[in-house]
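One file, target-v9.tsv, is given below (TSV, C-alpha atoms and all ligand atoms).
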```tsv
chain	number	residue	atom	x	y	z
D	1	MET	CA	0.00	0.00	0.00
D	2	LYS	CA	1.12	3.59	-0.53
D	3	VAL	CA	0.38	5.53	2.66
D	4	ALA	CA	0.53	9.33	3.00
D	5	VAL	CA	1.33	10.60	6.51
D	6	THR	CA	0.90	14.19	7.71
D	7	GLY	CA	2.72	15.34	10.84
D	8	ALA	CA	5.22	12.50	10.33
D	9	THR	CA	8.06	14.57	11.78
D	10	GLY	CA	6.48	14.91	15.25
D	11	PHE	CA	6.31	12.75	18.36
D	12	LEU	CA	4.26	9.83	16.99
D	13	GLY	CA	5.25	10.09	13.33
D	14	PRO	CA	8.81	8.77	12.91
D	15	GLY	CA	8.10	5.42	14.61
D	16	LEU	CA	4.87	5.04	12.65
D	17	VAL	CA	6.69	5.72	9.38
D	18	GLN	CA	9.34	3.16	10.34
D	19	GLY	CA	6.61	0.64	11.17
D	20	LEU	CA	4.86	1.19	7.84
D	21	LEU	CA	8.13	0.81	5.90
D	22	SER	CA	8.91	-2.40	7.81
D	23	GLN	CA	5.50	-3.77	6.79
D	24	GLY	CA	6.48	-3.16	3.15
D	25	HIS	CA	4.35	-0.07	2.55
D	26	GLN	CA	5.51	2.97	0.56
D	27	VAL	CA	5.34	6.21	2.55
D	28	GLN	CA	4.63	9.70	1.21
D	29	VAL	CA	5.15	12.36	3.88
D	30	LEU	CA	3.07	15.55	3.79
D	31	THR	CA	4.97	18.25	5.67
D	32	ARG	CA	5.55	21.98	5.95
D	33	ASP	CA	9.28	21.43	5.21
D	34	VAL	CA	10.12	18.53	2.91
D	35	ALA	CA	13.94	18.87	3.20
D	36	ARG	CA	13.79	18.86	7.03
D	37	ALA	CA	11.42	15.90	7.01
D	38	MET	CA	13.71	13.89	4.72
D	39	GLU	CA	16.60	14.50	7.15
D	40	ARG	CA	14.55	13.30	10.15
D	41	LEU	CA	12.83	10.29	8.59
D	42	PRO	CA	14.14	6.92	7.40
D	43	ALA	CA	15.46	6.63	3.84
D	44	GLY	CA	12.93	5.56	1.25
D	45	VAL	CA	10.12	8.01	2.05
D	46	THR	CA	8.96	10.60	-0.48
D	47	GLY	CA	7.54	14.01	0.38
D	48	ALA	CA	5.22	16.84	-0.65
D	49	VAL	CA	4.35	20.18	0.92
D	50	PHE	CA	1.29	20.37	3.20
D	51	ASP	CA	0.96	23.38	5.49
D	52	GLY	CA	-2.62	22.90	6.64
D	53	ARG	CA	-3.75	26.07	4.88
D	54	THR	CA	-2.84	26.08	1.20
D	55	ALA	CA	-4.76	23.90	-1.24
D	56	MET	CA	-2.70	20.98	-2.56
D	57	GLY	CA	-2.79	19.61	-6.08
D	58	PRO	CA	-3.96	16.00	-6.43
D	59	GLU	CA	-0.39	14.99	-7.36
D	60	ALA	CA	0.51	15.28	-3.63
D	61	LEU	CA	-1.55	12.09	-3.16
D	62	ALA	CA	-0.75	10.45	-6.51
D	63	GLY	CA	-1.28	6.69	-6.21
D	64	VAL	CA	-1.92	6.96	-2.45
D	65	ASP	CA	-4.19	4.22	-1.04
D	66	ALA	CA	-4.43	5.40	2.58
D	67	VAL	CA	-3.83	8.58	4.56
D	68	VAL	CA	-2.81	8.97	8.23
D	69	HIS	CA	-3.31	12.49	9.57
D	70	LEU	CA	-1.21	13.47	12.58
D	71	ALA	CA	-0.45	17.15	11.87
D	72	GLY	CA	-1.53	19.92	14.19
D	73	GLU	CA	-0.22	22.81	16.24
D	74	PRO	CA	0.98	21.52	19.66
D	75	VAL	CA	-1.71	21.80	22.36
D	76	ALA	CA	0.79	21.80	25.24
D	77	GLN	CA	1.64	25.50	25.21
D	78	ARG	CA	0.17	28.60	26.85
D	79	TRP	CA	-3.21	29.18	25.17
D	80	THR	CA	-2.87	32.78	24.02
D	81	LYS	CA	-5.52	34.00	21.58
D	82	ASP	CA	-3.13	33.34	18.69
D	83	ALA	CA	-2.14	29.90	19.96
D	84	LYS	CA	-5.80	28.88	20.28
D	85	GLN	CA	-6.42	30.04	16.74
D	86	ARG	CA	-3.45	27.98	15.50
D	87	ILE	CA	-4.54	24.91	17.50
D	88	HIS	CA	-8.02	25.19	15.95
D	89	ASP	CA	-7.14	26.17	12.40
D	90	SER	CA	-4.25	23.73	11.91
D	91	ARG	CA	-6.70	20.89	12.65
D	92	VAL	CA	-10.01	22.09	11.21
D	93	GLN	CA	-8.74	23.92	8.11
D	94	GLY	CA	-5.82	21.47	7.79
D	95	THR	CA	-8.18	18.47	7.70
D	96	ARG	CA	-10.44	20.27	5.22
D	97	VAL	CA	-7.50	20.85	2.85
D	98	LEU	CA	-6.43	17.22	3.20
D	99	VAL	CA	-9.91	15.80	2.57
D	100	ASP	CA	-10.39	18.10	-0.45
D	101	THR	CA	-7.10	16.76	-1.87
D	102	MET	CA	-8.23	13.16	-1.21
D	103	LYS	CA	-11.43	13.88	-3.12
D	104	ALA	CA	-9.47	15.32	-6.05
D	105	ALA	CA	-6.90	12.50	-6.09
D	106	GLY	CA	-9.58	9.78	-6.11
D	107	THR	CA	-7.31	6.87	-5.15
D	108	VAL	CA	-7.56	6.95	-1.34
D	109	LYS	CA	-9.62	4.11	0.15
D	110	ARG	CA	-8.76	4.46	3.87
D	111	PHE	CA	-8.35	7.53	6.08
D	112	VAL	CA	-7.13	7.42	9.69
D	113	SER	CA	-7.25	10.85	11.28
D	114	THR	CA	-6.16	11.57	14.81
D	115	SER	CA	-8.39	13.38	17.25
D	116	ALA	CA	-8.03	13.58	21.02
D	117	ILE	CA	-9.87	12.48	24.15
D	118	GLY	CA	-10.25	16.20	24.75
D	119	TYR	CA	-13.38	15.53	22.64
D	120	TYR	CA	-15.12	14.48	25.87
D	121	GLY	CA	-14.31	17.79	27.57
D	122	GLY	CA	-12.87	18.36	31.03
D	123	ALA	CA	-14.78	18.15	34.29
D	124	ARG	CA	-16.16	14.65	33.58
D	125	GLU	CA	-14.79	13.49	36.97
D	126	ALA	CA	-14.96	9.69	37.30
D	127	GLN	CA	-17.60	9.14	34.57
D	128	VAL	CA	-16.61	6.21	32.39
D	129	LEU	CA	-16.40	7.47	28.81
D	130	THR	CA	-16.54	5.40	25.64
D	131	GLU	CA	-16.89	6.35	21.98
D	132	ASP	CA	-20.68	6.60	22.53
D	133	SER	CA	-20.34	9.32	25.18
D	134	ALA	CA	-21.42	12.86	24.34
D	135	PRO	CA	-18.78	15.48	23.56
D	136	GLY	CA	-17.83	18.19	26.02
D	137	ASP	CA	-18.24	21.91	25.49
D	138	ASP	CA	-14.90	23.52	26.28
D	139	PHE	CA	-12.23	24.82	23.90
D	140	LEU	CA	-10.52	21.49	23.17
D	141	ALA	CA	-13.81	19.61	22.92
D	142	ARG	CA	-15.09	22.08	20.35
D	143	VAL	CA	-11.82	21.81	18.37
D	144	CYS	CA	-12.08	18.00	18.38
D	145	VAL	CA	-15.74	18.01	17.32
D	146	ALA	CA	-14.98	20.32	14.38
D	147	TRP	CA	-11.76	18.39	13.51
D	148	GLU	CA	-13.62	15.06	13.44
D	149	ALA	CA	-16.47	16.54	11.40
D	150	GLU	CA	-13.97	17.64	8.73
D	151	ALA	CA	-12.33	14.18	8.75
D	152	LEU	CA	-15.67	12.39	8.41
D	153	ARG	CA	-16.39	14.39	5.23
D	154	ALA	CA	-14.01	11.92	3.57
D	155	ARG	CA	-16.62	9.20	4.17
D	156	ALA	CA	-19.68	11.36	3.47
D	157	GLU	CA	-18.41	13.13	0.35
D	158	ALA	CA	-15.91	10.68	-1.15
D	159	GLY	CA	-16.90	7.27	0.21
D	160	VAL	CA	-13.52	6.84	1.91
D	161	SER	CA	-13.62	4.51	4.92
D	162	THR	CA	-12.67	6.82	7.82
D	163	ALA	CA	-11.64	6.34	11.45
D	164	VAL	CA	-10.96	9.14	13.92
D	165	VAL	CA	-8.53	7.95	16.57
D	166	ARG	CA	-9.07	9.85	19.83
D	167	MET	CA	-5.59	9.84	21.36
D	168	GLY	CA	-5.08	9.79	25.08
D	169	MET	CA	-1.91	10.96	26.79
D	170	VAL	CA	0.84	9.22	24.83
D	171	LEU	CA	3.68	7.97	27.03
D	172	HIS	CA	7.35	7.95	26.06
D	173	PRO	CA	10.31	9.55	27.86
D	174	ASP	CA	11.50	11.27	24.66
D	175	GLY	CA	8.42	13.44	24.14
D	176	GLY	CA	4.94	14.48	25.16
D	177	ALA	CA	3.70	14.78	28.74
D	178	LEU	CA	5.98	12.14	30.31
D	179	HIS	CA	9.08	13.92	28.98
D	180	LYS	CA	7.92	17.10	30.78
D	181	MET	CA	7.09	15.25	34.02
D	182	LEU	CA	10.37	13.38	34.31
D	183	PRO	CA	12.73	16.13	35.59
D	184	PRO	CA	10.75	16.95	38.78
D	185	PHE	CA	9.93	13.28	39.43
D	186	ARG	CA	13.60	12.30	38.96
D	187	MET	CA	14.53	14.94	41.56
D	188	GLY	CA	11.96	13.48	43.98
D	189	ALA	CA	9.91	16.69	43.63
D	190	GLY	CA	6.97	15.14	41.76
D	191	GLY	CA	3.52	14.34	43.07
D	192	PRO	CA	-0.22	14.63	42.49
D	193	VAL	CA	-1.51	17.75	40.75
D	194	GLY	CA	-4.61	19.63	41.93
D	195	SER	CA	-7.10	17.28	43.62
D	196	GLY	CA	-5.24	14.24	42.23
D	197	LYS	CA	-8.68	12.67	41.66
D	198	GLN	CA	-8.88	13.61	37.96
D	199	TYR	CA	-8.34	10.70	35.61
D	200	VAL	CA	-5.35	10.22	33.31
D	201	SER	CA	-6.19	8.20	30.21
D	202	TRP	CA	-2.77	7.25	28.96
D	203	ILE	CA	-1.36	4.99	26.21
D	204	HIS	CA	2.15	3.63	25.62
D	205	LEU	CA	3.67	5.13	22.46
D	206	ASP	CA	4.13	1.66	20.93
D	207	ASP	CA	0.42	0.91	21.44
D	208	ALA	CA	-0.58	4.31	19.99
D	209	ARG	CA	1.37	3.55	16.81
D	210	ALA	CA	0.20	-0.05	16.72
D	211	LEU	CA	-3.43	1.06	17.03
D	212	ILE	CA	-3.02	3.47	14.10
D	213	GLN	CA	-1.53	0.62	12.03
D	214	PHE	CA	-4.36	-1.68	13.21
D	215	ALA	CA	-6.90	0.94	12.12
D	216	LEU	CA	-5.21	1.22	8.72
D	217	ALA	CA	-5.48	-2.54	8.27
D	218	HIS	CA	-9.15	-2.68	9.41
D	219	PRO	CA	-11.20	-0.43	7.10
D	220	GLU	CA	-14.38	-1.83	8.65
D	221	LEU	CA	-13.46	0.10	11.83
D	222	GLU	CA	-15.06	3.46	11.02
D	223	GLY	CA	-15.86	6.53	13.12
D	224	PRO	CA	-14.39	7.24	16.57
D	225	VAL	CA	-11.83	4.91	18.17
D	226	ASN	CA	-10.42	5.73	21.60
D	227	ALA	CA	-6.64	5.25	21.79
D	228	THR	CA	-6.22	4.84	25.54
D	229	ALA	CA	-5.06	1.89	27.63
D	230	PRO	CA	-7.86	-0.17	29.18
D	231	GLU	CA	-6.85	0.93	32.70
D	232	PRO	CA	-6.98	4.71	33.13
D	233	VAL	CA	-5.82	5.85	36.57
D	234	THR	CA	-6.28	8.90	38.76
D	235	ASN	CA	-3.63	11.58	38.64
D	236	ALA	CA	-2.60	10.61	42.20
D	237	ALA	CA	-2.20	6.95	41.17
D	238	PHE	CA	-0.22	8.05	38.10
D	239	ALA	CA	2.15	10.13	40.26
D	240	HIS	CA	2.59	7.23	42.65
D	241	ALA	CA	3.33	4.77	39.81
D	242	LEU	CA	5.81	7.16	38.19
D	243	GLY	CA	7.65	7.75	41.47
D	244	HIS	CA	7.72	4.00	42.07
D	245	ALA	CA	9.08	3.29	38.55
D	246	LEU	CA	11.87	5.83	39.16
D	247	GLY	CA	12.54	4.72	42.73
D	248	ARG	CA	11.85	8.27	43.93
D	249	PRO	CA	9.36	9.75	46.42
D	250	SER	CA	6.30	11.34	44.76
D	251	VAL	CA	4.45	13.12	47.54
D	252	MET	CA	5.08	16.77	46.58
D	253	HIS	CA	1.51	17.87	45.94
D	254	VAL	CA	1.26	20.63	43.30
D	255	PRO	CA	-1.71	22.89	44.14
D	256	ALA	CA	-4.15	23.83	41.38
D	257	PHE	CA	-3.45	27.59	41.71
D	258	MET	CA	0.24	27.02	40.88
D	259	VAL	CA	-0.65	25.03	37.77
D	260	LYS	CA	-3.13	27.73	36.72
D	261	ALA	CA	-0.49	30.44	37.23
D	262	ALA	CA	2.06	28.52	35.18
D	263	LEU	CA	-0.15	27.28	32.35
D	264	GLY	CA	-3.16	29.63	32.22
D	265	GLU	CA	-6.27	28.12	30.60
D	266	MET	CA	-4.23	25.14	29.33
D	267	SER	CA	-4.05	24.01	32.99
D	268	LYS	CA	-7.55	22.52	32.44
D	269	VAL	CA	-5.92	19.66	30.53
D	270	VAL	CA	-3.86	18.74	33.59
D	271	LEU	CA	-6.39	19.59	36.31
D	272	GLU	CA	-9.50	18.01	34.78
D	273	GLY	CA	-8.81	14.87	32.71
D	274	GLN	CA	-11.16	12.12	31.54
D	275	ARG	CA	-11.69	8.43	32.34
D	276	VAL	CA	-11.77	6.92	28.85
D	277	LEU	CA	-12.06	3.27	27.85
D	278	PRO	CA	-10.95	1.84	24.46
D	279	ALA	CA	-14.26	0.06	23.90
D	280	ARG	CA	-14.18	-0.06	20.09
D	281	ALA	CA	-10.49	-0.99	19.75
D	282	GLN	CA	-10.97	-3.91	22.12
D	283	ALA	CA	-14.23	-5.01	20.48
D	284	ALA	CA	-12.37	-5.01	17.14
D	285	GLY	CA	-9.70	-7.33	18.58
D	286	PHE	CA	-6.84	-4.90	19.17
D	287	ALA	CA	-4.49	-6.33	21.80
D	288	PHE	CA	-2.70	-3.75	23.93
D	289	GLY	CA	0.99	-4.52	24.48
D	290	PHE	CA	0.91	-2.39	27.63
D	291	PRO	CA	-2.55	-2.54	29.21
D	292	GLU	CA	-1.39	-1.57	32.73
D	293	LEU	CA	0.49	1.53	33.81
D	294	GLU	CA	3.06	-0.20	35.99
D	295	GLY	CA	4.24	-2.44	33.12
D	296	ALA	CA	4.23	0.44	30.65
D	297	LEU	CA	6.36	2.67	32.91
D	298	LYS	CA	8.72	-0.18	33.72
D	299	GLN	CA	9.31	-0.81	30.01
D	300	LEU	CA	9.69	2.91	29.24
D	301	LEU	CA	11.91	3.86	32.18
D	302	GLY	CA	13.53	0.63	33.35
T	401	LIG	N1	1.07	13.19	21.83
T	401	LIG	C1	-0.05	13.07	22.57
T	401	LIG	O1	-0.01	12.72	23.79
T	401	LIG	C2	-1.39	13.35	21.93
T	401	LIG	C3	-2.54	13.34	22.73
T	401	LIG	C4	-3.77	13.62	22.15
T	401	LIG	C5	-3.85	13.90	20.80
T	401	LIG	N2	-2.72	13.91	20.03
T	401	LIG	C6	-2.86	14.26	18.61
T	401	LIG	O2	-2.22	13.30	17.78
T	401	LIG	C7	-1.57	13.96	16.68
T	401	LIG	C8	-0.11	13.54	16.64
T	401	LIG	O3	0.48	13.86	17.89
T	401	LIG	P1	2.03	14.26	18.04
T	401	LIG	O4	2.28	14.37	19.49
T	401	LIG	O5	2.87	13.35	17.20
T	401	LIG	O6	2.02	15.72	17.39
T	401	LIG	P2	3.22	16.80	17.31
T	401	LIG	O7	4.52	16.11	17.47
T	401	LIG	O8	2.92	17.91	18.27
T	401	LIG	O9	3.02	17.42	15.85
T	401	LIG	C9	2.94	16.62	14.69
T	401	LIG	C10	3.31	17.44	13.48
T	401	LIG	O10	2.31	18.42	13.18
T	401	LIG	C11	2.89	19.39	12.30
T	401	LIG	N3	2.52	20.73	12.79
T	401	LIG	C12	2.90	21.32	13.95
T	401	LIG	N4	2.36	22.55	14.06
T	401	LIG	C13	1.62	22.74	12.95
T	401	LIG	C14	0.84	23.83	12.46
T	401	LIG	N5	0.70	24.97	13.16
T	401	LIG	N6	0.22	23.67	11.27
T	401	LIG	C15	0.35	22.53	10.55
T	401	LIG	N7	1.09	21.47	10.95
T	401	LIG	C16	1.71	21.58	12.13
T	401	LIG	C17	4.41	19.17	12.33
T	401	LIG	O11	4.79	18.49	11.13
T	401	LIG	P3	5.62	19.23	9.93
T	401	LIG	O12	6.52	20.22	10.58
T	401	LIG	O13	6.34	18.08	9.28
T	401	LIG	O14	4.59	19.84	9.05
T	401	LIG	C18	4.58	18.25	13.54
T	401	LIG	O15	5.72	17.43	13.44
T	401	LIG	C19	-1.76	15.46	16.90
T	401	LIG	O16	-2.80	15.94	16.09
T	401	LIG	C20	-2.13	15.58	18.36
T	401	LIG	O17	-3.00	16.65	18.64
T	401	LIG	C21	-1.50	13.64	20.56
```
Just give me the structure as C-alpha cells.
Ligand SMILES: NC(=O)c1ccc[n+]([C@@H]2O[C@H](COP(=O)([O-])OP(=O)(O)OC[C@H]3O[C@@H](n4cnc5c(N)ncnc54)[C@H](OP(=O)(O)O)[C@@H]3O)[C@@H](O)[C@H]2O)c1
Amino acid sequence: MKVAVTGATGFLGPGLVQGLLSQGHQVQVLTRDVARAMERLPAGVTGAVFDGRTAMGPEALAGVDAVVHLAGEPVAQRWTKDAKQRIHDSRVQGTRVLVDTMKAAGTVKRFVSTSAIGYYGGAREAQVLTEDSAPGDDFLARVCVAWEAEALRARAEAGVSTAVVRMGMVLHPDGGALHKMLPPFRMGAGGPVGSGKQYVSWIHLDDARALIQFALAHPELEGPVNATAPEPVTNAAFAHALGHALGRPSVMHVPAFMVKAALGEMSKVVLEGQRVLPARAQAAGFAFGFPELEGALKQLLG
C-alpha cells in the first residue's frame, strides 16, 4: 500500500513511518518542510508540501491508497488568543485541505485521522467514557468536534472509509507529557496535581502507533476509536506509579493555583482529565501490548 502521513516529523510520526516501511508499505510524507522531514525520517520516504492552509494539487496524493493524519499545532503550550487560533485552524482547516485533496486524487480508500480524548471535555470526573459518550463543550472539545467533522467528510463526500482515533496521553520519555514530568519526578519533587482525583487516560507510544496501524489494516473500523489503555488511573495513582518506577518519592503535591499560574487556561488539561475506555479498539480485537500503567512505565523507564 502507498500511505501518506501528515505530521510525520512529530512525536508519533517517525516510529509510525518506520513501522509502515517495515510492513512493506511505501510512505509519502506531507509536511511543511520537505527537506527537514527527509533529514529526520528513514530513507525511502517521499515528500510533498502540506501546510494545513494552502490547497494541494492531487499529485501530492498520486497513487496513495491510505492517509494517516497526525499534523496539528501543539496543544501543550500557553493558550494565548493566537495559539488557540493555530490549535483550531491547523486541525479544522488542515483536515479540510487534506480531505479536499483526497477527493481530487480519487485513489484513497482508507483515512485514519487523529483526534483527542479532549473531545469528551474536562470536568467529567470519574464518569466512564466510551466512543458513545457525548462530547464536552470547552475549547478542546469544540476543536475535536470540528476536527472530526472535517475528517468524516471523507466518508460522506468521497466514500472513503474513515476512522478518527481519539488519542489519550501518549507515554514515552523522549516526548509528550511524560518527557515534561520526568525532571521533577527524577529529583523526587513530583507528586499529584490539583485534587489528584482527575483521571489520566494514557497509552504507551508503541500501542498508539500499533493502534493506528491496526486501524489502517481494518477499514471496517469506522468513526471514533479511543486510543487509551484499558486501565486509566487517577492523577494521584499516576504520580505514585511514576515515582515507584523511578525509585523516587512522589508526595510533593502541586496545588491547582500554581498550575493555573504557570499554564493559564491550558491548565484545564492537567487539572480536569477524563476516564476513557478503548471500547471499540478492544471489540475489534486490538491487543494492547501495555494494558497496565506499571508495566508500561517499567518498560519505558527501566
Ligand atoms: N502526543 C499526545 O499525547 C497526543 C494526545 C492527544 C492527541 N494527540 C494528537 O495526535 C496527533 C499527533 O500527535 P504528536 O504528538 O505526534 O504531534 P506533534 O509532534 O505535536 O506534531 C505533529 C506534526 O504536526 C505538524 N505541525 C505542527 N504545528 C503545525 C501547524 N501549526 N500547522 C500545521 N502542521 C503543524 C508538524 O509536522 P511538519 O513540521 O512536518 O509539518 C509536527 O511534526 C496530533 O494531532 C495531536 O493533537 C497527541
Skipping near chain neighbours, those fewer than 3 positions away, what residues fall within 10 Å of Thr46 of chain D using only C-alpha atoms, listed as an MDAnalysis selection string? chainID D and resid 4 26:30 34 37:38 41 43
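Non-sequential neighbours of segment 97-100 of chain D (distance at most 8 Å, separation of 6 or more positions within a chain, all atoms listed in the file) are Gly52, Arg53, Thr54, Ala55, Met56, Glu150, Ala151, Arg153 and Ala154 of chain D.
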ask   = Given a cut-off of 6 Å, what residues near ligand LIG 401 (chain T) show up using all atoms listed in the file, put as a ChimeraX atom specification?
value = /D:7-13,31-32,37,51-52,70-74,86,90,114-116,167-170,176
Identify, on the basis of only C-alpha atoms, every residue whose closest approach to Gly122 of chain D does not exceed 7 Å; exclude the query and any residue fewer than 2 positions from it along the same chain; express the result as number ranges by chain. D: 120, 124, 268, 272-274
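Among D:Ser267, D:Ala189, D:Leu216, D:Val200, the residue with the shortest atom-to-atom distance to Val251 of chain D, counting all atoms listed in the file, is D:Ala189.
Proximity of D:Arg155, D:Thr80, D:Gly188, D:Gln213 to Leu21 of chain D, computed with all atoms listed in the file, is greatest for D:Gln213.
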One decimal place gives the atom CA of Gly289 of chain D-atom CA of Ser113 of chain D separation as 21.9 Å
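Minimum atom-to-atom distance to Val75 of chain D, evaluated using all atoms listed in the file, belongs to D:Ile87 out of D:Ala284, D:Val165, D:Ile87, D:Ile203.
Residue nearest Arg40 of chain D within the list D:Pro14, D:Ala83, D:Gly302, D:Gly19: D:Pro14 [criterion: smallest interatomic distance, all atoms listed in the file].
The coordinates place atom CA of Glu157 of chain D at 12.1 Å from atom CA of Thr101 of chain D.
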Residue neighbourhood Met181 of chain D, 12 Å, only C-alpha atoms, exclusion window fewer than 3 positions, as a PDB file with C-alpha atoms, in the coordinates of the input:
```pdb
ATOM      1  CA  LEU D 171       3.680   7.970  27.030  1.00  0.00           C
ATOM      2  CA  HIS D 172       7.350   7.950  26.060  1.00  0.00           C
ATOM      3  CA  PRO D 173      10.310   9.550  27.860  1.00  0.00           C
ATOM      4  CA  ASP D 174      11.500  11.270  24.660  1.00  0.00           C
ATOM      5  CA  GLY D 175       8.420  13.440  24.140  1.00  0.00           C
ATOM      6  CA  GLY D 176       4.940  14.480  25.160  1.00  0.00           C
ATOM      7  CA  ALA D 177       3.700  14.780  28.740  1.00  0.00           C
ATOM      8  CA  LEU D 178       5.980  12.140  30.310  1.00  0.00           C
ATOM      9  CA  PRO D 184      10.750  16.950  38.780  1.00  0.00           C
ATOM     10  CA  PHE D 185       9.930  13.280  39.430  1.00  0.00           C
ATOM     11  CA  ARG D 186      13.600  12.300  38.960  1.00  0.00           C
ATOM     12  CA  MET D 187      14.530  14.940  41.560  1.00  0.00           C
ATOM     13  CA  GLY D 188      11.960  13.480  43.980  1.00  0.00           C
ATOM     14  CA  ALA D 189       9.910  16.690  43.630  1.00  0.00           C
ATOM     15  CA  GLY D 190       6.970  15.140  41.760  1.00  0.00           C
ATOM     16  CA  GLY D 191       3.520  14.340  43.070  1.00  0.00           C
ATOM     17  CA  PRO D 192      -0.220  14.630  42.490  1.00  0.00           C
ATOM     18  CA  VAL D 193      -1.510  17.750  40.750  1.00  0.00           C
ATOM     19  CA  PHE D 238      -0.220   8.050  38.100  1.00  0.00           C
ATOM     20  CA  ALA D 239       2.150  10.130  40.260  1.00  0.00           C
ATOM     21  CA  LEU D 242       5.810   7.160  38.190  1.00  0.00           C
ATOM     22  CA  GLY D 243       7.650   7.750  41.470  1.00  0.00           C
ATOM     23  CA  LEU D 246      11.870   5.830  39.160  1.00  0.00           C
ATOM     24  CA  SER D 250       6.300  11.340  44.760  1.00  0.00           C
ATOM     25  CA  VAL D 270      -3.860  18.740  33.590  1.00  0.00           C
TER      26      VAL D 270
END
```
With distances taken over all atoms listed in the file, the candidate from D:Leu16, D:Leu152, D:Leu129, D:Ala279 nearest Val92 of chain D is D:Leu152
Neighbouring residues of Ser195 of chain D were defined as those with any atom within 8 Å, considering all atoms listed in the file; residues of the same chain fewer than 6 positions away were excluded. Please report them as an mmCIF file with C-alpha atoms, in the frame of the given file.
```
data_model
loop_
_atom_site.group_PDB
_atom_site.id
_atom_site.type_symbol
_atom_site.label_atom_id
_atom_site.label_comp_id
_atom_site.auth_asym_id
_atom_site.auth_seq_id
_atom_site.Cartn_x
_atom_site.Cartn_y
_atom_site.Cartn_z
ATOM 1 C CA PRO D 255 -1.710 22.890 44.140
ATOM 2 C CA ALA D 256 -4.150 23.830 41.380
ATOM 3 C CA LEU D 271 -6.390 19.590 36.310
#
```
Separating atom CA of Val143 of chain D from atom CA of Arg91 of chain D, to the nearest tenth of an Å, is a gap of 7.7 Å
Closest of D:Thr95, D:Asp132, D:Leu20, D:Phe139 to Glu265 of chain D, counting only C-alpha atoms, is D:Phe139
### Message
Taking (-12.1, 10.4, 32.7) as a centre in this file's frame and 12 Å as the limit, can you find every polymer residue with an atom that close, using all atoms listed in the file, and give them as a VMD selection string?
### Response
chain D and resid 117 to 130 133 136 168 to 169 197 to 202 228 230 to 235 269 to 278
If you keep C-alpha atoms, can you produce a file of those selected residues as a tab-separated table (two decimals), in the coordinates of the input?
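Done, and the output landed in result.tsv:
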```
chain	number	residue	atom	x	y	z
D	117	ILE	CA	-9.87	12.48	24.15
D	118	GLY	CA	-10.25	16.20	24.75
D	119	TYR	CA	-13.38	15.53	22.64
D	120	TYR	CA	-15.12	14.48	25.87
D	121	GLY	CA	-14.31	17.79	27.57
D	122	GLY	CA	-12.87	18.36	31.03
D	123	ALA	CA	-14.78	18.15	34.29
D	124	ARG	CA	-16.16	14.65	33.58
D	125	GLU	CA	-14.79	13.49	36.97
D	126	ALA	CA	-14.96	9.69	37.30
D	127	GLN	CA	-17.60	9.14	34.57
D	128	VAL	CA	-16.61	6.21	32.39
D	129	LEU	CA	-16.40	7.47	28.81
D	130	THR	CA	-16.54	5.40	25.64
D	133	SER	CA	-20.34	9.32	25.18
D	136	GLY	CA	-17.83	18.19	26.02
D	168	GLY	CA	-5.08	9.79	25.08
D	169	MET	CA	-1.91	10.96	26.79
D	197	LYS	CA	-8.68	12.67	41.66
D	198	GLN	CA	-8.88	13.61	37.96
D	199	TYR	CA	-8.34	10.70	35.61
D	200	VAL	CA	-5.35	10.22	33.31
D	201	SER	CA	-6.19	8.20	30.21
D	202	TRP	CA	-2.77	7.25	28.96
D	228	THR	CA	-6.22	4.84	25.54
D	230	PRO	CA	-7.86	-0.17	29.18
D	231	GLU	CA	-6.85	0.93	32.70
D	232	PRO	CA	-6.98	4.71	33.13
D	233	VAL	CA	-5.82	5.85	36.57
D	234	THR	CA	-6.28	8.90	38.76
D	235	ASN	CA	-3.63	11.58	38.64
D	269	VAL	CA	-5.92	19.66	30.53
D	270	VAL	CA	-3.86	18.74	33.59
D	271	LEU	CA	-6.39	19.59	36.31
D	272	GLU	CA	-9.50	18.01	34.78
D	273	GLY	CA	-8.81	14.87	32.71
D	274	GLN	CA	-11.16	12.12	31.54
D	275	ARG	CA	-11.69	8.43	32.34
D	276	VAL	CA	-11.77	6.92	28.85
D	277	LEU	CA	-12.06	3.27	27.85
D	278	PRO	CA	-10.95	1.84	24.46
```
